[in-house]
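**Q** Dropping in protein.csv, which is CSV, C-alpha atoms:
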chain,number,residue,atom,x,y,z
A,22,MET,CA,110.0,31.3,2.3
A,23,THR,CA,106.6,30.2,1.1
A,24,ARG,CA,106.4,27.2,3.4
A,25,PRO,CA,105.7,29.1,6.6
A,26,TRP,CA,102.9,31.0,4.9
A,27,ILE,CA,101.4,27.8,3.7
A,28,ALA,CA,101.5,26.5,7.2
A,29,VAL,CA,99.8,29.7,8.5
A,30,ALA,CA,97.2,29.5,5.8
A,31,SER,CA,96.6,25.9,6.5
A,32,ALA,CA,96.2,26.6,10.2
A,33,ALA,CA,93.8,29.4,9.5
A,34,ALA,CA,91.8,27.2,7.1
A,35,LEU,CA,91.6,24.5,9.7
A,36,ALA,CA,90.5,27.0,12.3
A,37,ALA,CA,87.8,28.2,10.0
A,38,CYS,CA,86.6,24.6,9.5
A,39,ALA,CA,86.7,23.9,13.2
A,40,GLY,CA,84.4,26.9,13.7
A,41,ALA,CA,81.7,25.1,11.9
A,42,ASP,CA,81.8,22.4,14.6
A,43,ALA,CA,82.2,24.3,17.8
A,44,PRO,CA,81.7,27.8,19.0
A,45,PRO,CA,84.8,29.9,18.9
A,46,PRO,CA,86.5,29.9,22.4
A,47,SER,CA,85.8,33.6,22.9
A,48,VAL,CA,82.0,33.0,22.7
A,49,GLN,CA,80.3,31.9,25.8
A,50,PRO,CA,76.7,31.2,25.1
A,51,PRO,CA,74.3,31.5,28.0
A,52,PRO,CA,74.4,28.0,29.5
A,53,ALA,CA,70.9,27.9,31.0
A,54,GLY,CA,67.7,27.4,29.1
A,55,TRP,CA,69.0,26.7,25.6
A,56,GLU,CA,67.0,23.6,25.1
A,57,SER,CA,63.8,25.6,25.6
A,58,VAL,CA,65.0,28.2,23.1
A,59,SER,CA,66.0,25.4,20.7
A,60,GLU,CA,62.6,23.9,20.9
A,61,MET,CA,61.0,27.2,20.2
A,62,LEU,CA,63.3,27.9,17.2
A,63,GLY,CA,62.8,24.3,16.1
A,64,ALA,CA,59.0,24.7,16.1
A,65,ARG,CA,59.1,28.0,14.2
A,66,CYS,CA,62.1,27.7,11.9
A,67,ALA,CA,63.2,24.1,11.5
A,68,SER,CA,60.5,22.7,9.3
A,69,LEU,CA,61.9,20.5,6.5
A,70,ASP,CA,61.1,23.3,4.0
A,71,CYS,CA,63.1,25.9,5.9
A,72,HIS,CA,66.0,25.7,8.2
A,73,GLY,CA,65.4,22.0,8.6
A,74,ARG,CA,66.7,21.4,5.0
A,75,PRO,CA,70.2,20.2,4.7
A,76,GLY,CA,72.4,22.8,3.1
A,77,ARG,CA,70.4,25.7,4.4
A,78,PRO,CA,72.3,28.3,6.4
A,79,LEU,CA,71.5,28.1,10.1
A,80,ARG,CA,70.6,24.4,9.9
A,81,LEU,CA,68.3,23.5,12.7
A,82,TYR,CA,67.2,20.1,14.0
A,83,HIS,CA,63.9,19.4,15.7
A,84,ARG,CA,61.8,16.4,16.6
A,85,ALA,CA,59.3,17.3,13.9
A,86,GLY,CA,61.8,18.3,11.2
A,87,LEU,CA,65.3,17.4,10.2
A,88,ARG,CA,67.0,14.7,12.4
A,89,LEU,CA,70.6,14.4,13.2
A,90,ALA,CA,70.8,10.7,13.6
A,91,ASP,CA,70.5,8.6,10.4
A,92,ASP,CA,68.1,6.2,12.1
A,93,ASP,CA,65.8,9.0,13.3
A,94,VAL,CA,62.8,10.3,11.4
A,95,PRO,CA,60.8,13.5,11.4
A,96,GLY,CA,57.9,13.3,13.7
A,97,GLY,CA,59.6,11.6,16.6
A,98,ASP,CA,58.9,12.2,20.3
A,99,VAL,CA,61.8,14.4,21.4
A,100,THR,CA,64.5,16.6,20.1
A,101,THR,CA,67.7,14.9,21.3
A,102,ALA,CA,70.5,16.5,23.3
A,103,ASP,CA,72.8,16.2,20.4
A,104,GLU,CA,70.3,18.0,18.2
A,105,HIS,CA,70.0,20.8,20.7
A,106,ALA,CA,73.8,21.0,20.9
A,107,ALA,CA,74.0,21.2,17.1
A,108,ASN,CA,71.4,23.9,17.0
A,109,LEU,CA,73.4,25.9,19.6
A,110,ARG,CA,76.5,25.7,17.4
A,111,ALA,CA,74.4,26.8,14.4
A,112,ALA,CA,72.9,29.8,16.2
A,113,VAL,CA,76.2,30.9,17.8
A,114,GLY,CA,78.4,30.1,14.8
A,115,LEU,CA,76.3,32.3,12.5
A,116,GLU,CA,78.0,35.5,13.7
A,117,PRO,CA,80.3,34.5,16.6
A,118,GLU,CA,81.8,37.9,17.2
A,119,VAL,CA,78.5,39.7,17.1
A,120,PHE,CA,77.0,37.1,19.3
A,121,ALA,CA,79.8,37.5,21.8
A,122,ARG,CA,79.2,41.2,22.0
A,123,VAL,CA,75.5,40.9,22.4
A,124,VAL,CA,75.7,38.3,25.1
A,125,GLY,CA,78.6,40.2,26.8
A,126,GLU,CA,76.4,43.3,26.9
A,127,GLY,CA,73.6,41.5,28.6
A,128,GLY,CA,71.5,40.9,25.4
A,129,GLN,CA,71.3,44.6,24.7
A,130,ARG,CA,70.6,45.6,21.1
A,131,ALA,CA,69.9,42.0,20.0
A,132,GLU,CA,69.0,43.2,16.6
A,133,ARG,CA,72.7,43.3,15.8
A,134,LEU,CA,72.3,39.6,15.3
A,135,THR,CA,71.1,38.5,11.8
A,136,LEU,CA,69.3,35.7,13.7
A,137,VAL,CA,67.1,38.2,15.4
A,138,ARG,CA,66.6,40.5,12.5
A,139,LYS,CA,65.5,37.7,10.2
A,140,ALA,CA,63.3,36.1,12.8
A,141,LEU,CA,61.5,39.4,13.2
A,142,GLY,CA,61.3,40.0,9.5
A,143,ARG,CA,63.4,43.1,9.8
A,144,GLU,CA,65.7,41.9,7.1
A,145,ALA,CA,64.9,40.1,3.9
A,146,HIS,CA,63.9,36.6,4.8
A,147,LYS,CA,62.2,34.1,2.6
A,148,GLY,CA,60.4,32.7,5.6
A,149,GLY,CA,58.9,36.1,6.5
A,150,ALA,CA,58.6,36.9,10.1
A,151,PRO,CA,58.2,33.7,12.1
A,152,ILE,CA,58.6,35.6,15.3
A,153,ALA,CA,56.5,38.7,16.1
A,154,ALA,CA,58.1,41.5,18.0
A,155,GLY,CA,57.1,41.3,21.6
A,156,ALA,CA,55.5,37.9,21.3
A,157,PRO,CA,56.5,35.1,23.7
A,158,ALA,CA,58.9,33.7,21.1
A,159,ASP,CA,60.7,37.0,20.9
A,160,VAL,CA,60.8,37.3,24.7
A,161,CYS,CA,62.2,33.8,24.8
A,162,LEU,CA,65.1,34.5,22.4
A,163,ARG,CA,66.0,37.9,24.0
A,164,SER,CA,65.8,36.5,27.5
A,165,TRP,CA,68.3,33.8,26.6
A,166,LEU,CA,70.6,36.3,25.1
A,167,SER,CA,70.5,38.2,28.4
A,168,ALA,CA,71.3,35.0,30.3
A,169,ALA,CA,67.9,34.8,32.0
A,170,THR,CA,65.9,32.5,29.8
A,171,ASP,CA,62.2,32.9,30.2
A,172,GLU,CA,61.2,29.2,30.0
A,173,ALA,CA,57.5,29.9,30.1
A,174,ALA,CA,57.7,32.3,27.2
A,175,CYS,CA,59.7,29.7,25.3
A,176,ALA,CA,57.1,27.0,26.0
A,177,ILE,CA,54.3,29.3,24.7
A,178,GLY,CA,56.5,30.4,21.8
A,179,ALA,CA,57.0,26.8,20.7
A,180,GLU,CA,53.3,26.3,20.2
A,181,LEU,CA,52.0,27.1,16.8
A,182,THR,CA,48.2,27.3,16.7
A,183,ARG,CA,46.0,26.7,13.7
A,184,PRO,CA,44.2,29.9,12.8
B,26,MET,CA,71.6,49.0,-39.2
B,27,ILE,CA,71.0,45.6,-37.7
B,28,SER,CA,70.7,42.7,-40.0
B,29,ARG,CA,67.6,40.5,-40.0
B,30,ASP,CA,69.6,37.5,-38.8
B,31,ALA,CA,71.0,39.5,-35.9
B,32,ARG,CA,67.6,40.6,-34.9
B,33,PHE,CA,66.4,37.1,-35.0
B,34,GLY,CA,69.3,35.9,-33.0
B,35,PHE,CA,68.7,38.6,-30.3
B,36,ALA,CA,65.0,37.7,-30.1
B,37,ALA,CA,65.9,34.0,-29.7
B,38,LEU,CA,68.3,34.8,-26.9
B,39,LEU,CA,65.7,36.9,-25.2
B,40,ALA,CA,63.2,34.1,-25.5
B,41,LEU,CA,65.6,31.6,-24.1
B,42,ALA,CA,66.9,33.8,-21.3
B,43,PRO,CA,64.1,33.0,-18.7
B,44,ALA,CA,64.6,29.3,-19.1
B,45,CYS,CA,68.4,29.5,-18.7
B,46,ASP,CA,68.7,31.9,-15.8
B,47,ASP,CA,68.9,29.3,-13.0
B,48,PRO,CA,71.0,26.2,-13.4
B,49,LEU,CA,69.9,24.9,-10.0
B,50,ARG,CA,66.3,25.0,-11.2
B,51,GLU,CA,67.2,23.3,-14.4
B,52,ARG,CA,69.0,20.6,-12.5
B,53,ALA,CA,66.0,20.1,-10.3
B,54,VAL,CA,63.7,19.9,-13.2
B,55,ASP,CA,66.0,17.4,-15.0
B,56,ALA,CA,66.2,15.3,-11.8
B,57,LEU,CA,62.4,14.7,-12.0
B,58,GLY,CA,63.0,12.5,-15.0
B,59,PRO,CA,60.7,11.9,-18.0
B,60,GLU,CA,57.0,11.6,-18.0
B,61,VAL,CA,55.6,8.2,-17.1
B,62,ALA,CA,54.6,6.3,-20.2
B,63,GLY,CA,50.9,6.5,-20.9
B,64,VAL,CA,50.3,9.6,-18.7
B,65,PRO,CA,50.4,12.8,-20.7
B,66,ARG,CA,51.3,16.2,-19.3
B,67,GLY,CA,48.3,17.5,-17.4
B,68,PRO,CA,46.5,17.3,-14.1
B,69,LEU,CA,47.1,13.6,-13.7
B,70,HIS,CA,50.8,13.5,-14.4
B,71,ARG,CA,53.9,13.2,-12.1
B,72,ARG,CA,52.0,12.2,-8.9
B,73,GLY,CA,54.1,12.4,-5.8
B,74,GLN,CA,56.6,14.8,-7.3
B,75,PRO,CA,57.4,18.4,-6.1
B,76,CYS,CA,54.9,20.2,-8.4
B,77,LEU,CA,56.3,23.7,-8.0
B,78,THR,CA,59.7,22.7,-9.3
B,79,CYS,CA,58.2,23.4,-12.7
B,80,HIS,CA,54.9,25.1,-11.8
B,81,ASP,CA,56.7,28.1,-10.3
B,82,GLY,CA,55.6,30.7,-12.7
B,83,ARG,CA,58.9,30.7,-14.5
B,84,SER,CA,58.1,28.4,-17.4
B,85,GLU,CA,55.2,27.6,-19.7
B,86,ALA,CA,53.7,25.4,-17.0
B,87,ARG,CA,50.8,26.9,-15.0
B,88,ALA,CA,51.9,28.5,-11.8
B,89,PHE,CA,50.7,27.0,-8.6
B,90,SER,CA,50.9,28.3,-5.1
B,91,VAL,CA,50.3,25.0,-3.4
B,92,ALA,CA,50.2,21.5,-4.9
B,93,GLY,CA,50.8,17.9,-4.1
B,94,THR,CA,49.6,14.4,-4.1
B,95,VAL,CA,47.6,12.5,-1.5
B,96,PHE,CA,48.0,8.7,-1.2
B,97,VAL,CA,45.7,6.4,0.7
B,98,THR,CA,48.3,5.0,3.0
B,99,PRO,CA,51.9,5.7,3.8
B,100,ASP,CA,53.3,2.5,2.2
B,101,ALA,CA,51.4,1.9,-1.0
B,102,PRO,CA,51.3,3.8,-4.3
B,103,ASP,CA,47.5,4.0,-4.4
B,104,PRO,CA,46.4,7.6,-4.9
B,105,ALA,CA,43.5,9.0,-2.9
B,106,PRO,CA,41.0,10.8,-5.2
B,107,GLY,CA,38.2,13.0,-3.9
B,108,VAL,CA,40.0,14.0,-0.7
B,109,VAL,CA,39.4,17.5,0.4
B,110,VAL,CA,42.7,19.4,1.2
B,111,GLU,CA,42.1,22.2,3.6
B,112,LEU,CA,44.7,25.0,3.5
B,113,ALA,CA,44.6,27.4,6.4
B,114,SER,CA,46.7,30.5,5.9
B,115,ALA,CA,48.4,32.3,8.8
B,116,ASP,CA,46.2,35.3,8.1
B,117,GLY,CA,43.0,33.3,8.8
B,118,ARG,CA,42.0,32.6,5.2
B,119,THR,CA,41.0,29.1,4.3
B,120,PHE,CA,41.0,27.4,1.0
B,121,ARG,CA,39.6,23.9,0.1
B,122,VAL,CA,40.5,21.9,-2.9
B,123,ALA,CA,39.9,18.3,-3.9
B,124,THR,CA,42.3,15.7,-5.2
B,125,ASN,CA,41.8,14.3,-8.7
B,126,CYS,CA,42.0,10.7,-9.8
B,127,ALA,CA,45.8,10.7,-9.6
B,128,GLY,CA,45.5,12.0,-6.0
B,129,ASN,CA,46.9,15.3,-7.3
B,130,PHE,CA,45.6,18.7,-6.2
B,131,PHE,CA,46.8,22.1,-7.2
B,132,VAL,CA,46.0,25.7,-6.4
B,133,GLU,CA,46.7,28.7,-8.6
B,134,PRO,CA,48.0,31.8,-6.9
B,135,THR,CA,45.1,33.8,-8.3
B,136,SER,CA,42.8,31.6,-6.3
B,137,PHE,CA,44.7,31.4,-3.1
B,138,ALA,CA,48.2,32.5,-2.2
B,139,PRO,CA,48.8,31.6,1.5
B,140,ARG,CA,50.6,33.5,4.1
B,141,TYR,CA,52.9,31.2,5.9
B,142,PRO,CA,52.9,29.3,8.2
B,143,LEU,CA,50.3,27.3,6.3
B,144,PHE,CA,48.3,24.6,8.2
B,145,VAL,CA,47.0,21.7,6.2
B,146,ALA,CA,44.3,19.1,6.9
B,147,LEU,CA,42.8,16.3,4.8
B,148,GLU,CA,39.1,15.3,4.9
B,149,SER,CA,37.4,12.3,3.4
B,150,GLY,CA,33.7,12.1,4.4
B,151,ARG,CA,33.6,12.5,8.1
B,152,TYR,CA,37.2,11.5,8.5
B,153,ARG,CA,39.7,14.4,9.1
B,154,VAL,CA,43.4,14.4,9.8
B,155,GLU,CA,45.5,17.4,10.4
B,156,MET,CA,49.2,17.7,9.5
B,157,ASP,CA,51.3,17.9,12.7
B,158,THR,CA,53.4,20.8,11.7
B,159,PRO,CA,52.7,23.8,9.4
B,160,VAL,CA,54.3,24.4,6.1
B,161,GLN,CA,56.7,27.3,6.4
B,162,ARG,CA,57.6,28.3,2.9
B,163,ASP,CA,57.4,25.6,0.2
B,164,GLY,CA,54.1,25.1,-1.7
B,165,SER,CA,55.2,21.7,-3.0
B,166,CYS,CA,54.1,18.9,-0.6
B,167,ALA,CA,56.7,16.6,-2.1
B,168,SER,CA,59.6,18.9,-1.3
B,169,CYS,CA,59.4,17.4,2.2
B,170,HIS,CA,57.1,14.5,1.6
B,171,ARG,CA,59.5,12.4,-0.4
B,172,GLU,CA,60.0,8.6,-0.5
B,173,PRO,CA,61.6,6.9,1.2
B,174,ALA,CA,61.2,8.4,4.7
B,175,SER,CA,64.5,9.3,6.2
B,176,ARG,CA,66.0,11.7,8.7
B,177,SER,CA,65.2,14.6,6.2
B,178,ASP,CA,62.1,13.3,4.4
B,179,VAL,CA,58.7,12.5,5.8
B,180,GLY,CA,57.5,10.1,3.2
B,181,GLN,CA,54.4,10.5,1.0
B,182,VAL,CA,51.3,12.4,2.1
B,183,PHE,CA,48.7,9.8,3.2
B,184,LEU,CA,45.1,9.8,4.4
B,185,TYR,CA,45.1,6.8,6.6
B,186,ALA,CA,48.0,5.6,8.7
B,187,THR,CA,46.8,2.0,8.4
B,188,PRO,CA,45.1,0.2,5.5
B,189,ARG,CA,41.4,0.9,5.3
B,190,ALA,CA,38.7,0.6,2.6
B,191,PHE,CA,38.8,3.6,0.3
B,192,ASP,CA,36.3,4.2,-2.4
B,193,ALA,CA,38.0,5.3,-5.7
B,194,SER,CA,35.3,3.8,-7.9
B,195,GLY,CA,34.7,7.1,-9.7
B,196,CYS,CA,38.1,7.0,-11.3
B,197,PRO,CA,39.2,4.9,-14.3
Could you write out this file's structure as structure tokens?
**A**
Amino acid sequence: MTRPWIAVASAAALAACAGADAPPPSVQPPPAGWESVSEMLGARCASLDCHGRPGRPLRLYHRAGLRLADDDVPGGDVTTADEHAANLRAAVGLEPEVFARVVGEGGQRAERLTLVRKALGREAHKGGAPIAAGAPADVCLRSWLSAATDEAACAIGAELTRP
Amino acid sequence: MISRDARFGFAALLALAPACDDPLRERAVDALGPEVAGVPRGPLHRRGQPCLTCHDGRSEARAFSVAGTVFVTPDAPDPAPGVVVELASADGRTFRVATNCAGNFFVEPTSFAPRYPLFVALESGRYRVEMDTPVQRDGSCASCHREPASRSDVGQVFLYATPRAFDASGCP
């Protein structure tokens, strides 16, 4: 009698592991504009001392931070397509069910996502509030969640200016 | 009635508690290895290592908010003394500190505690170079600037990208 349960548990465990590599099938991230969002998140969150550190939850890759390929180094010219794809999996995979609901409702009440709350500093976050409410980076993220990515806002949001 | 021995034991446990509360920290400190022979503990020791691993306010070591080591070039172990490190906090405050003969610099939180992101620049005479990306949360330069450079490490902090004459004559 125990064997079927072992099989079920194994399948569940495998499914859980697979979730780390690919978005759950029920989640359909907005297809357009992700690379611009990824560049913005990379610039603000993916430095080597934050989410660009291996082992950190929401691991993010960026041309100036952690690289995906072993033969790449921080400070390269471009964030690769594979890195953007990995960032998408990280962002979606953080809370797939909540993400699906937010996207399914046109990006409404995006604060349901830990990603958004932490970015805005509305939840305890060691990195503070890397995105200010209403700023271009915020507009960028919310626009993507509503499937209408504001590329211009993302481009501005990806720029960090020296005070 | 508590015996004298019991009181002593309790006091000893209390004294040890802060040092034993974080096995990850202890492991990180151990991983730094012993002091280099001939370089005593102090401002010149452990160049190139992540200073805040120990200087984090949780041990007898002085607490630092930002600290690191500047080398002359990316590929050689020569430290760069007398370099001015400019730290520009996100709230507009700026703090400048110079490297010592080991290339080390350190800032105590009572002098300057930055709000992140922190923008860094190095100056030597009229030469100035700015770090491409800001620091987001870690005051130890060497947390990211570790050797060798890899997909997750930037390599040591350097002043010049290519070999150039550097005057370190004021140092032993």
**Q** Restrict the distance test to all atoms listed in the file, flag each residue of chain A within 7 Å of chain B, and return the flagged residues as a list in words.
**A**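 Those within range of chain B come out as Ser68, Leu69, Asp70, Cys71, Leu87, Arg88, Leu89, Ala90, Asp91, Asp92, Asp93, Val94, Pro95, Gly148, Arg183 and Pro184 of chain A.
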**Q** One number please: atom CA of B:Thr78 to atom CA of A:Asn108, in Å, one decimal.
**A**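 These atoms are spaced 28.8 Å apart.
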**Q** As a PyMOL selection string, please: the residues near B:His70 (cut-off 9 Å, only C-alpha atoms, same-chain neighbours under 2 positions excluded).
**A** chain B and resi 60-61+64-68+72+127+129
**Q** Which residues come within 12 Å of B:Gly150, counting only C-alpha atoms, excluding same-chain residues fewer than 2 positions away, as number ranges by chain?
**A** B: 107-109, 147-148, 152-154, 184, 191-192
**Q** Write the residues you've just listed into a file as an mmCIF file, in the frame of the given file, and include C-alpha atoms for each of them.
**A**
data_model
loop_
_atom_site.group_PDB
_atom_site.id
_atom_site.type_symbol
_atom_site.label_atom_id
_atom_site.label_comp_id
_atom_site.auth_asym_id
_atom_site.auth_seq_id
_atom_site.Cartn_x
_atom_site.Cartn_y
_atom_site.Cartn_z
ATOM 1 C CA GLY B 107 38.200 13.000 -3.900
ATOM 2 C CA VAL B 108 40.000 14.000 -0.700
ATOM 3 C CA VAL B 109 39.400 17.500 0.400
ATOM 4 C CA LEU B 147 42.800 16.300 4.800
ATOM 5 C CA GLU B 148 39.100 15.300 4.900
ATOM 6 C CA TYR B 152 37.200 11.500 8.500
ATOM 7 C CA ARG B 153 39.700 14.400 9.100
ATOM 8 C CA VAL B 154 43.400 14.400 9.800
ATOM 9 C CA LEU B 184 45.100 9.800 4.400
ATOM 10 C CA PHE B 191 38.800 3.600 0.300
ATOM 11 C CA ASP B 192 36.300 4.200 -2.400
#
**Q** Which residues, written as a list in words, have at least one atom at most 12 Å from A:Gly155, with all atoms listed in the file counted and residues fewer than 5 positions away on the same chain left out?
**A**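 These residues fall inside the cut-off: Ala140, Leu141, Val160, Cys161, Leu162, Arg163, Ser164, Ala174 and Gly178 of chain A.
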**Q** Leaving out A:Phe120 and any residue of its chain fewer than 2 positions from it, which residues lie within 9 Å of it when counting all atoms listed in the file, given as number ranges by chain?
**A** A: 48-50, 112-118, 122-125, 131, 133-134, 166
**Q** Would you mind reading off the distance between atom CA of B:Ala193 and atom CA of B:Gln181, one decimal, in Å?
**A**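 The value is 18.5 Å.
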**Q** What does the distance from atom CA of A:Leu81 to atom CA of A:Gly63 come to in Å, to one decimal?
**A**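 Answer for the atom CA of A:Leu81 to atom CA of A:Gly63 separation: 6.5 Å.
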**Q** From the list A:Glu126, A:Asp159, A:Glu180, A:Glu56, which residue is nearest A:Thr100 when using only C-alpha atoms?
**A**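 Looking at the shortest contact to A:Thr100, the residue is A:Glu56.
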**Q** Quick one: of A:Cys175, A:Ala168, A:Leu181, A:Ala106, who's nearest to A:Glu60, counting all atoms listed in the file?
**A** A:Cys175
**Q** Could you pull the residues within 12 Å of B:Arg50, counting only C-alpha atoms, minus those fewer than 3 positions along the same chain, as a list in words?
**A**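 My list of contacting residues is Pro43, Ala44, Cys45, Asp46, Asp47, Ala53, Val54, Asp55, Ala56, Leu57, Leu77, Thr78, Cys79, His80, Asp81, Arg83 and Ser84 of chain B.
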**Q** Would you save the residues of that selection, restricted to C-alpha atoms, as a PDB file, in the coordinates of the input?
**A**
ATOM      1  CA  PRO B  43      64.100  33.000 -18.700  1.00  0.00           C
ATOM      2  CA  ALA B  44      64.600  29.300 -19.100  1.00  0.00           C
ATOM      3  CA  CYS B  45      68.400  29.500 -18.700  1.00  0.00           C
ATOM      4  CA  ASP B  46      68.700  31.900 -15.800  1.00  0.00           C
ATOM      5  CA  ASP B  47      68.900  29.300 -13.000  1.00  0.00           C
ATOM      6  CA  ALA B  53      66.000  20.100 -10.300  1.00  0.00           C
ATOM      7  CA  VAL B  54      63.700  19.900 -13.200  1.00  0.00           C
ATOM      8  CA  ASP B  55      66.000  17.400 -15.000  1.00  0.00           C
ATOM      9  CA  ALA B  56      66.200  15.300 -11.800  1.00  0.00           C
ATOM     10  CA  LEU B  57      62.400  14.700 -12.000  1.00  0.00           C
ATOM     11  CA  LEU B  77      56.300  23.700  -8.000  1.00  0.00           C
ATOM     12  CA  THR B  78      59.700  22.700  -9.300  1.00  0.00           C
ATOM     13  CA  CYS B  79      58.200  23.400 -12.700  1.00  0.00           C
ATOM     14  CA  HIS B  80      54.900  25.100 -11.800  1.00  0.00           C
ATOM     15  CA  ASP B  81      56.700  28.100 -10.300  1.00  0.00           C
ATOM     16  CA  ARG B  83      58.900  30.700 -14.500  1.00  0.00           C
ATOM     17  CA  SER B  84      58.100  28.400 -17.400  1.00  0.00           C
TER      18      SER B  84
END
**Q** Which residue is closest to A:Gly142? Choose from A:Ala154, A:Ala173, A:Gly97, A:Thr182 and count all atoms listed in the file.
**A** A:Ala154
**Q** With N, CA and C atoms as the target, complete stretch 76-90 of chain A and hand it back as a JSON list (two decimals), keeping the file's coordinate frame.
**A**
[["chain", "number", "residue", "atom", "x", "y", "z"],
["A", 76, "GLY", "N", 71.81, 21.83, 4.02],
["A", 76, "GLY", "CA", 72.40, 22.80, 3.10],
["A", 76, "GLY", "C", 71.96, 24.22, 3.34],
["A", 77, "ARG", "N", 70.91, 24.38, 4.14],
["A", 77, "ARG", "CA", 70.40, 25.70, 4.40],
["A", 77, "ARG", "C", 71.31, 26.38, 5.49],
["A", 78, "PRO", "N", 71.64, 27.67, 5.34],
["A", 78, "PRO", "CA", 72.30, 28.30, 6.40],
["A", 78, "PRO", "C", 71.50, 28.28, 7.72],
["A", 79, "LEU", "N", 72.15, 28.29, 8.85],
["A", 79, "LEU", "CA", 71.50, 28.10, 10.10],
["A", 79, "LEU", "C", 70.63, 26.82, 10.08],
["A", 80, "ARG", "N", 71.31, 25.72, 9.90],
["A", 80, "ARG", "CA", 70.60, 24.40, 9.90],
["A", 80, "ARG", "C", 70.13, 24.11, 11.31],
["A", 81, "LEU", "N", 68.86, 23.80, 11.43],
["A", 81, "LEU", "CA", 68.30, 23.50, 12.70],
["A", 81, "LEU", "C", 67.64, 22.12, 12.74],
["A", 82, "TYR", "N", 67.82, 21.43, 13.84],
["A", 82, "TYR", "CA", 67.20, 20.10, 14.00],
["A", 82, "TYR", "C", 66.05, 20.21, 14.98],
["A", 83, "HIS", "N", 65.08, 19.35, 14.78],
["A", 83, "HIS", "CA", 63.90, 19.40, 15.70],
["A", 83, "HIS", "C", 63.19, 18.02, 15.53],
["A", 84, "ARG", "N", 62.49, 17.66, 16.57],
["A", 84, "ARG", "CA", 61.80, 16.40, 16.60],
["A", 84, "ARG", "C", 60.84, 16.24, 15.38],
["A", 85, "ALA", "N", 60.25, 17.36, 14.94],
["A", 85, "ALA", "CA", 59.30, 17.30, 13.90],
["A", 85, "ALA", "C", 59.89, 17.60, 12.50],
["A", 86, "GLY", "N", 61.19, 17.91, 12.49],
["A", 86, "GLY", "CA", 61.80, 18.30, 11.20],
["A", 86, "GLY", "C", 63.06, 17.42, 10.96],
["A", 87, "LEU", "N", 64.11, 18.07, 10.53],
["A", 87, "LEU", "CA", 65.30, 17.40, 10.20],
["A", 87, "LEU", "C", 65.92, 16.70, 11.45],
["A", 88, "ARG", "N", 66.36, 15.45, 11.29],
["A", 88, "ARG", "CA", 67.00, 14.70, 12.40],
["A", 88, "ARG", "C", 68.47, 14.60, 12.19],
["A", 89, "LEU", "N", 69.16, 14.53, 13.30],
["A", 89, "LEU", "CA", 70.60, 14.40, 13.20],
["A", 89, "LEU", "C", 71.07, 12.99, 12.99],
["A", 90, "ALA", "N", 70.45, 12.07, 13.68],
["A", 90, "ALA", "CA", 70.80, 10.70, 13.60],
["A", 90, "ALA", "C", 70.21, 10.02, 12.33]]
